[in-house]
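Novice: Dropping a structure here in structure tokens format, bear with me for questions.
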Amino acid sequence: MTDSAMLKSDVFFMQKAIDLARKGLYSTKPNPAVGCVLVKDGIIAGEGWHQKAGQPHAERVALANAGEKAQGSTAYVTLEPCSHFGRTPPCADGLIEAKVARVVVAMRDPNPLVAGQGIQRIENAGIEVVVGVLEAEAKAINLGFIRKMEKQLPFVRLKMASSLDGRTAMNNGESHWITGEESRREVHKMRALSGALITGIGTVLADDPSLTVRLTDEELAALNLTQENCHPIRVVLDPNLSMPTDAKMLSLPGRTILMTSKETTDRAPELVEILHNQGIEMVAVSAQDDHLDIESILRYLAEVEDINDVMVESGAIVAGAFMQSGLVNELHSFIAPSLMGNAAKPMFVLPGIDSMEQKMNFQIQSMDRFGDDVRLILVPKETV
């Protein structure tokens, strides 16, 4: 096979591995989604994808499916095979023991403590390794895992639903519903993708939201989820511990964490004890002028709760604070074809600017249509 033909073949089969990895996008957290295809004489001998943390990794599933056909095959893996013992044995060892002839890896492991070790182990066994085939596509699958490993922060998606004139609710708080059913279903899928869902105490007091994933059993099954394991951790930013003890979300499936300030817990130990006795989880972080430090919140979620992906679904104050923090990776703006007028509430509370040079700039990454609504996915645009 010529080098050109081999490259085309590598791209073709790696794309198949990426398609398999996507099946685990919703269910593998906090692990990355990974796919593997074993190919012998141009024919797929075995394939697999990682379905859930604690279950076999993609390589082990593909090897089991291939059996003896794995010997002499080429393994296409979307992420560098692991080289350490966790809840499952190292996949690098599995490929070596199966006597594969060649391993094609889309991307190295982003964990700086282990990056390259799986590749090195396979190469030390005399097996050819190729790295970087469809690397960008493979990275796009695991944005949260990569960011957590590289920055010790989760990947943050801020979702807003608004009218054409950028309004999110009437002045009296009424907001049901600005966008249509199709958009709301997509929002529930976004929740299911996330390890944590952040909102503010103002939203809780105004709306008493559930903040759960409300999809049918069939819709969840398509995401490899069930009603029992689909809900992200609900995180309420509550600097003064104003959370009503009868708030709806506290009695619903899934965990709720109140993020409050260290000053509040020091100032009101009796209130802290009452909430604690009622089984309400609380985490104290640094704050200034009743504004919780967003980076501290995100680092806690990444380092303590092992969260890869965070969704922010809040009112204008919290949304504005996140935008000002510079820690939002994607803005998901659902826009309905309607006008609500100047008396309605805006999308963000942000400080005024004095010149156009100070405006926040974004780049449109994609545009979708859900029923009558449009969803823009935007990323912060770096300006020179």
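So you can find residues: chains in the structure tokens are A, B, ... in the order shown, residues in each start at 1, and ligands are numbered from 1 in order.
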Could you pull out the strand (DSSP E) residues of stretch 142-366 of chain A from DSSP and send them as a PyMOL selection string?

Specialist: chain A and resi 155-162+167-169+196-200+233-237+256-261+281-285+287-288+291-292+309-312+330-335+345-346+362-366

Novice: Identify, with DSSP run on backbone atoms, the residues in stretch 97-333 of chain A assigned to helix (DSSP H, G or I), and express the list as a PyMOL selection string.

Specialist: chain A and resi 97+117-124+135-141+143-151+181-193+201-207+217-222+248-251+262-267+269-277+294-303+316-325

Novice: Which residue, A:Gly200, A:Pro244, A:Pro90, A:Gly254, has the smallest gap to A:Leu292 when you use only C-alpha atoms?

Specialist: A:Gly200

Novice: For A:Ile233, which residue out of A:Leu215, A:Val204, A:Leu327, A:Ala192 is the nearest one, using only C-alpha atoms?

Specialist: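 Using only C-alpha atoms, the shortest distance to A:Ile233 belongs to A:Ala192.
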
Novice: Do a neighbour search on stretch 339-341 of chain A at 12 Å with only C-alpha atoms, toss out local chain neighbours closer than 5 positions, and write the hits as a list in words.

Specialist: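 So the residues in contact are Ser162, Ser163, Leu164, Asp165, Gly166, Arg167, Thr168, Ala169, Met170, Asn171, Glu174, Ser175, Ile178, Thr179 and Pro346 of chain A.
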
Novice: Please produce an output containing N, CA, C and O atoms for each residue in the selection, written as a short mmCIF file (atom, residue, chain, number, x, y, z; two decimals), in the first residue's frame.

Specialist:
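What landed in part11.cif:
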```cif
data_model
loop_
_atom_site.label_atom_id
_atom_site.label_comp_id
_atom_site.auth_asym_id
_atom_site.auth_seq_id
_atom_site.Cartn_x
_atom_site.Cartn_y
_atom_site.Cartn_z
N SER A 162 -33.63 34.12 24.23
CA SER A 162 -34.05 35.51 24.16
C SER A 162 -34.93 35.77 22.95
O SER A 162 -35.02 34.95 22.02
N SER A 163 -35.55 36.93 22.96
CA SER A 163 -36.28 37.43 21.80
C SER A 163 -35.29 38.06 20.82
O SER A 163 -34.09 38.17 21.11
N LEU A 164 -35.80 38.51 19.68
CA LEU A 164 -34.93 39.16 18.70
C LEU A 164 -34.25 40.41 19.26
O LEU A 164 -33.13 40.74 18.87
N ASP A 165 -34.94 41.09 20.18
CA ASP A 165 -34.36 42.30 20.76
C ASP A 165 -33.60 42.01 22.05
O ASP A 165 -33.38 42.91 22.86
N GLY A 166 -33.19 40.76 22.24
CA GLY A 166 -32.29 40.42 23.34
C GLY A 166 -32.92 40.45 24.71
O GLY A 166 -32.24 40.71 25.71
N ARG A 167 -34.21 40.12 24.80
CA ARG A 167 -34.91 40.13 26.09
C ARG A 167 -35.19 38.70 26.55
O ARG A 167 -35.52 37.83 25.73
N THR A 168 -35.08 38.46 27.85
CA THR A 168 -35.19 37.09 28.38
C THR A 168 -36.41 36.86 29.26
O THR A 168 -36.73 35.72 29.58
N ALA A 169 -37.08 37.91 29.67
CA ALA A 169 -38.26 37.77 30.53
C ALA A 169 -38.98 39.12 30.59
O ALA A 169 -38.37 40.17 30.37
N MET A 170 -40.26 39.06 30.89
CA MET A 170 -40.99 40.30 31.12
C MET A 170 -40.52 40.92 32.42
O MET A 170 -39.88 40.27 33.25
N ASN A 171 -40.84 42.17 32.64
CA ASN A 171 -40.36 42.87 33.82
C ASN A 171 -40.89 42.23 35.11
O ASN A 171 -40.27 42.32 36.16
N GLU A 174 -42.10 36.96 34.07
CA GLU A 174 -42.70 35.95 33.21
C GLU A 174 -41.78 35.65 32.02
O GLU A 174 -41.35 36.55 31.32
N SER A 175 -41.50 34.34 31.80
CA SER A 175 -40.61 33.97 30.69
C SER A 175 -41.02 32.67 30.01
O SER A 175 -40.31 32.20 29.12
N ILE A 178 -40.33 31.73 25.93
CA ILE A 178 -39.83 32.58 24.85
C ILE A 178 -39.55 31.73 23.62
O ILE A 178 -39.98 32.06 22.51
N THR A 179 -38.83 30.65 23.81
CA THR A 179 -38.50 29.77 22.68
C THR A 179 -39.46 28.58 22.64
O THR A 179 -40.20 28.32 23.59
N PRO A 346 -33.06 42.23 30.13
CA PRO A 346 -32.02 41.96 29.13
C PRO A 346 -31.34 40.61 29.38
O PRO A 346 -31.51 39.97 30.43
#
```

Novice: Tell me, counting only C-alpha atoms, for each residue of stretch 60-158 of chain A within 6 Å of stretch 305-310 of chain A, which pair of atoms is nearest and how far apart they are in Å to one decimal, in rows ordered by chain and increasing number, as CSV.

Specialist:
```
residue,atom,partner,partner_atom,distance
A:Gly144,CA,A:Asn308,CA,4.4
A:Phe145,CA,A:Asn308,CA,5.1
A:Lys148,CA,A:Asn308,CA,5.9
A:Pro154,CA,A:Asn308,CA,4.7
A:Phe155,CA,A:Asp309,CA,4.8
A:Val156,CA,A:Val310,CA,4.8
```

Novice: Include C-alpha atoms and write out the residues we just selected as a PDB file, in the first residue's frame.

Specialist:
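Wrote it out as again18.pdb, contents follow:
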```
ATOM      1  CA  GLY A 144     -14.346  19.341  28.707  1.00  0.00           C
ATOM      2  CA  PHE A 145     -11.944  16.498  29.494  1.00  0.00           C
ATOM      3  CA  LYS A 148      -9.923  19.945  32.863  1.00  0.00           C
ATOM      4  CA  PRO A 154     -14.280  22.665  33.259  1.00  0.00           C
ATOM      5  CA  PHE A 155     -15.461  23.661  29.794  1.00  0.00           C
ATOM      6  CA  VAL A 156     -18.206  26.276  30.294  1.00  0.00           C
TER       7      VAL A 156
END
```

Novice: Find the spatial neighbours of A:Asn329, counting only C-alpha atoms, within a cut-off of 9 Å - ignore same-chain residues fewer than 6 positions away - and output them as a short mmCIF file (atom, residue, chain, number, x, y, z; two decimals) with C-alpha atoms, in the first residue's frame.

Specialist:
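Dumped to selection03.cif:
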```
data_model
loop_
_atom_site.label_atom_id
_atom_site.label_comp_id
_atom_site.auth_asym_id
_atom_site.auth_seq_id
_atom_site.Cartn_x
_atom_site.Cartn_y
_atom_site.Cartn_z
CA PHE A 155 -15.46 23.66 29.79
CA VAL A 156 -18.21 26.28 30.29
CA ARG A 157 -21.25 26.64 28.04
CA LEU A 158 -23.50 29.58 28.84
CA LEU A 378 -20.42 31.62 19.67
CA VAL A 379 -16.90 31.59 21.06
CA PRO A 380 -15.01 34.58 22.45
#
```

Novice: Given only C-alpha atoms as the basis, pick out the residue of A:Lys29, A:Ala268, A:Ala101, A:Thr260 nearest to A:Gly126.

Specialist: A:Ala101

Novice: Measuring between only C-alpha atoms, which one of A:Lys52, A:Val104, A:Pro337, A:Leu25 shows the shortest distance to A:Val37?

Specialist: A:Val104

Novice: Go through A:His276, A:His57, A:Arg375, A:Lys8 one by one, measure the shortest atom-to-atom distance of each to A:Ala161 using only C-alpha atoms, and give the residue with the smallest value.

Specialist: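 Closest residue, counting only C-alpha atoms: A:Arg375.
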
Novice: Quick one: residues within 12 Å of A:Pro351, only C-alpha atoms, excluding same-chain residues fewer than 6 positions away - as a ChimeraX atom specification?

Specialist: /A:317,320-321,323-324,358-360

Novice: Write a file of the just-selected residues containing all heavy atoms, as a short mmCIF file (atom, residue, chain, number, x, y, z; two decimals), in the first residue's frame.

Specialist:
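The resulting file, selection_16.cif, is reproduced below:
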```cif
data_model
loop_
_atom_site.label_atom_id
_atom_site.label_comp_id
_atom_site.auth_asym_id
_atom_site.auth_seq_id
_atom_site.Cartn_x
_atom_site.Cartn_y
_atom_site.Cartn_z
N ILE A 317 -27.85 38.72 35.78
CA ILE A 317 -26.75 39.10 36.68
C ILE A 317 -25.65 38.05 36.66
O ILE A 317 -24.47 38.34 36.46
CB ILE A 317 -27.28 39.33 38.10
CG1 ILE A 317 -28.21 40.54 38.14
CG2 ILE A 317 -26.12 39.53 39.08
CD1 ILE A 317 -28.86 40.79 39.50
N GLY A 320 -24.04 37.82 33.21
CA GLY A 320 -23.11 38.91 33.00
C GLY A 320 -21.81 38.71 33.74
O GLY A 320 -20.73 39.00 33.22
N ALA A 321 -21.90 38.17 34.98
CA ALA A 321 -20.70 37.93 35.77
C ALA A 321 -19.81 36.88 35.10
O ALA A 321 -18.58 37.01 35.08
CB ALA A 321 -21.08 37.49 37.18
N MET A 323 -19.71 36.22 31.88
CA MET A 323 -19.11 36.80 30.68
C MET A 323 -17.93 37.70 31.05
O MET A 323 -16.90 37.70 30.38
CB MET A 323 -20.15 37.59 29.88
CG MET A 323 -21.26 36.75 29.27
SD MET A 323 -20.69 35.32 28.30
CE MET A 323 -19.60 36.10 27.14
N GLN A 324 -18.07 38.45 32.12
CA GLN A 324 -16.98 39.32 32.56
C GLN A 324 -15.77 38.53 33.05
O GLN A 324 -14.64 39.00 32.98
CB GLN A 324 -17.46 40.26 33.67
CG GLN A 324 -18.32 41.40 33.19
CD GLN A 324 -18.71 42.32 34.34
OE1 GLN A 324 -19.74 42.14 34.98
NE2 GLN A 324 -17.84 43.29 34.60
N GLN A 358 -14.05 48.74 23.45
CA GLN A 358 -14.22 47.98 24.69
C GLN A 358 -15.27 46.87 24.58
O GLN A 358 -15.44 46.10 25.51
CB GLN A 358 -14.63 48.94 25.81
CG GLN A 358 -13.57 49.96 26.17
CD GLN A 358 -14.10 50.95 27.20
OE1 GLN A 358 -14.98 51.76 26.93
NE2 GLN A 358 -13.54 50.87 28.41
N LYS A 359 -15.95 46.78 23.45
CA LYS A 359 -17.03 45.80 23.34
C LYS A 359 -16.47 44.38 23.34
O LYS A 359 -15.33 44.13 22.95
CB LYS A 359 -17.85 46.04 22.07
CG LYS A 359 -17.12 45.79 20.75
CD LYS A 359 -18.03 46.14 19.58
CE LYS A 359 -17.41 45.76 18.24
NZ LYS A 359 -16.18 46.48 17.96
N MET A 360 -17.29 43.42 23.83
CA MET A 360 -16.93 42.01 23.80
C MET A 360 -17.24 41.45 22.41
O MET A 360 -18.35 41.61 21.91
CB MET A 360 -17.73 41.23 24.85
CG MET A 360 -17.40 41.57 26.27
SD MET A 360 -18.31 40.51 27.43
CE MET A 360 -17.75 41.15 29.00
#
```

Novice: Neighbours of A:Met14 within 9 Å (only C-alpha atoms; same-chain residues fewer than 6 positions away dropped), as a PyMOL selection string?

Specialist: chain A and resi 35-37+76-78+104-106+133-134

Novice: Mind pulling up the distance from atom CA of A:His231 to atom CA of A:Gly202?

Specialist: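 About the pair atom CA of A:Gly202 and atom CA of A:His231: they are 21.5 Å apart.
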
Novice: Tell me, in Å to one decimal, how far atom CA of A:Asp208 is from atom CA of A:Pro232.

Specialist: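 Those two atoms sit 17.2 Å apart.
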
Novice: Measuring between only C-alpha atoms, which one of A:Glu80, A:Glu228, A:Asp19, A:Asp93 shows the shortest distance to A:Arg255?

Specialist: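 Comparing A:Glu80, A:Glu228, A:Asp19, A:Asp93 against A:Arg255, the winner is A:Glu228.
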
Novice: Which neighbours of A:Thr245 fall inside 10 Å, counting only C-alpha atoms, when residues of the same chain fewer than 6 positions from it are skipped, and could you give them as a PDB file with N, CA, C and O atoms, in the first residue's frame?

Specialist:
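In the end it all went to out.pdb:
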```pdb
ATOM      1  N   SER A 251     -35.887  18.499  46.399  1.00  0.00           N
ATOM      2  CA  SER A 251     -36.584  17.208  46.580  1.00  0.00           C
ATOM      3  C   SER A 251     -36.580  16.368  45.306  1.00  0.00           C
ATOM      4  O   SER A 251     -37.203  15.304  45.273  1.00  0.00           O
ATOM      5  N   ILE A 274     -28.538  24.639  60.424  1.00  0.00           N
ATOM      6  CA  ILE A 274     -29.914  24.282  60.070  1.00  0.00           C
ATOM      7  C   ILE A 274     -29.957  23.651  58.678  1.00  0.00           C
ATOM      8  O   ILE A 274     -30.572  22.596  58.466  1.00  0.00           O
ATOM      9  N   LEU A 275     -29.297  24.289  57.733  1.00  0.00           N
ATOM     10  CA  LEU A 275     -29.289  23.764  56.371  1.00  0.00           C
ATOM     11  C   LEU A 275     -28.569  22.419  56.305  1.00  0.00           C
ATOM     12  O   LEU A 275     -29.000  21.498  55.608  1.00  0.00           O
ATOM     13  N   GLN A 278     -30.614  19.580  57.441  1.00  0.00           N
ATOM     14  CA  GLN A 278     -31.642  19.215  56.471  1.00  0.00           C
ATOM     15  C   GLN A 278     -31.052  18.516  55.248  1.00  0.00           C
ATOM     16  O   GLN A 278     -31.754  18.251  54.274  1.00  0.00           O
ATOM     17  N   ILE A 280     -28.700  19.629  53.186  1.00  0.00           N
ATOM     18  CA  ILE A 280     -28.358  20.500  52.055  1.00  0.00           C
ATOM     19  C   ILE A 280     -26.843  20.677  51.986  1.00  0.00           C
ATOM     20  O   ILE A 280     -26.202  21.039  52.965  1.00  0.00           O
TER      21      ILE A 280
END
```
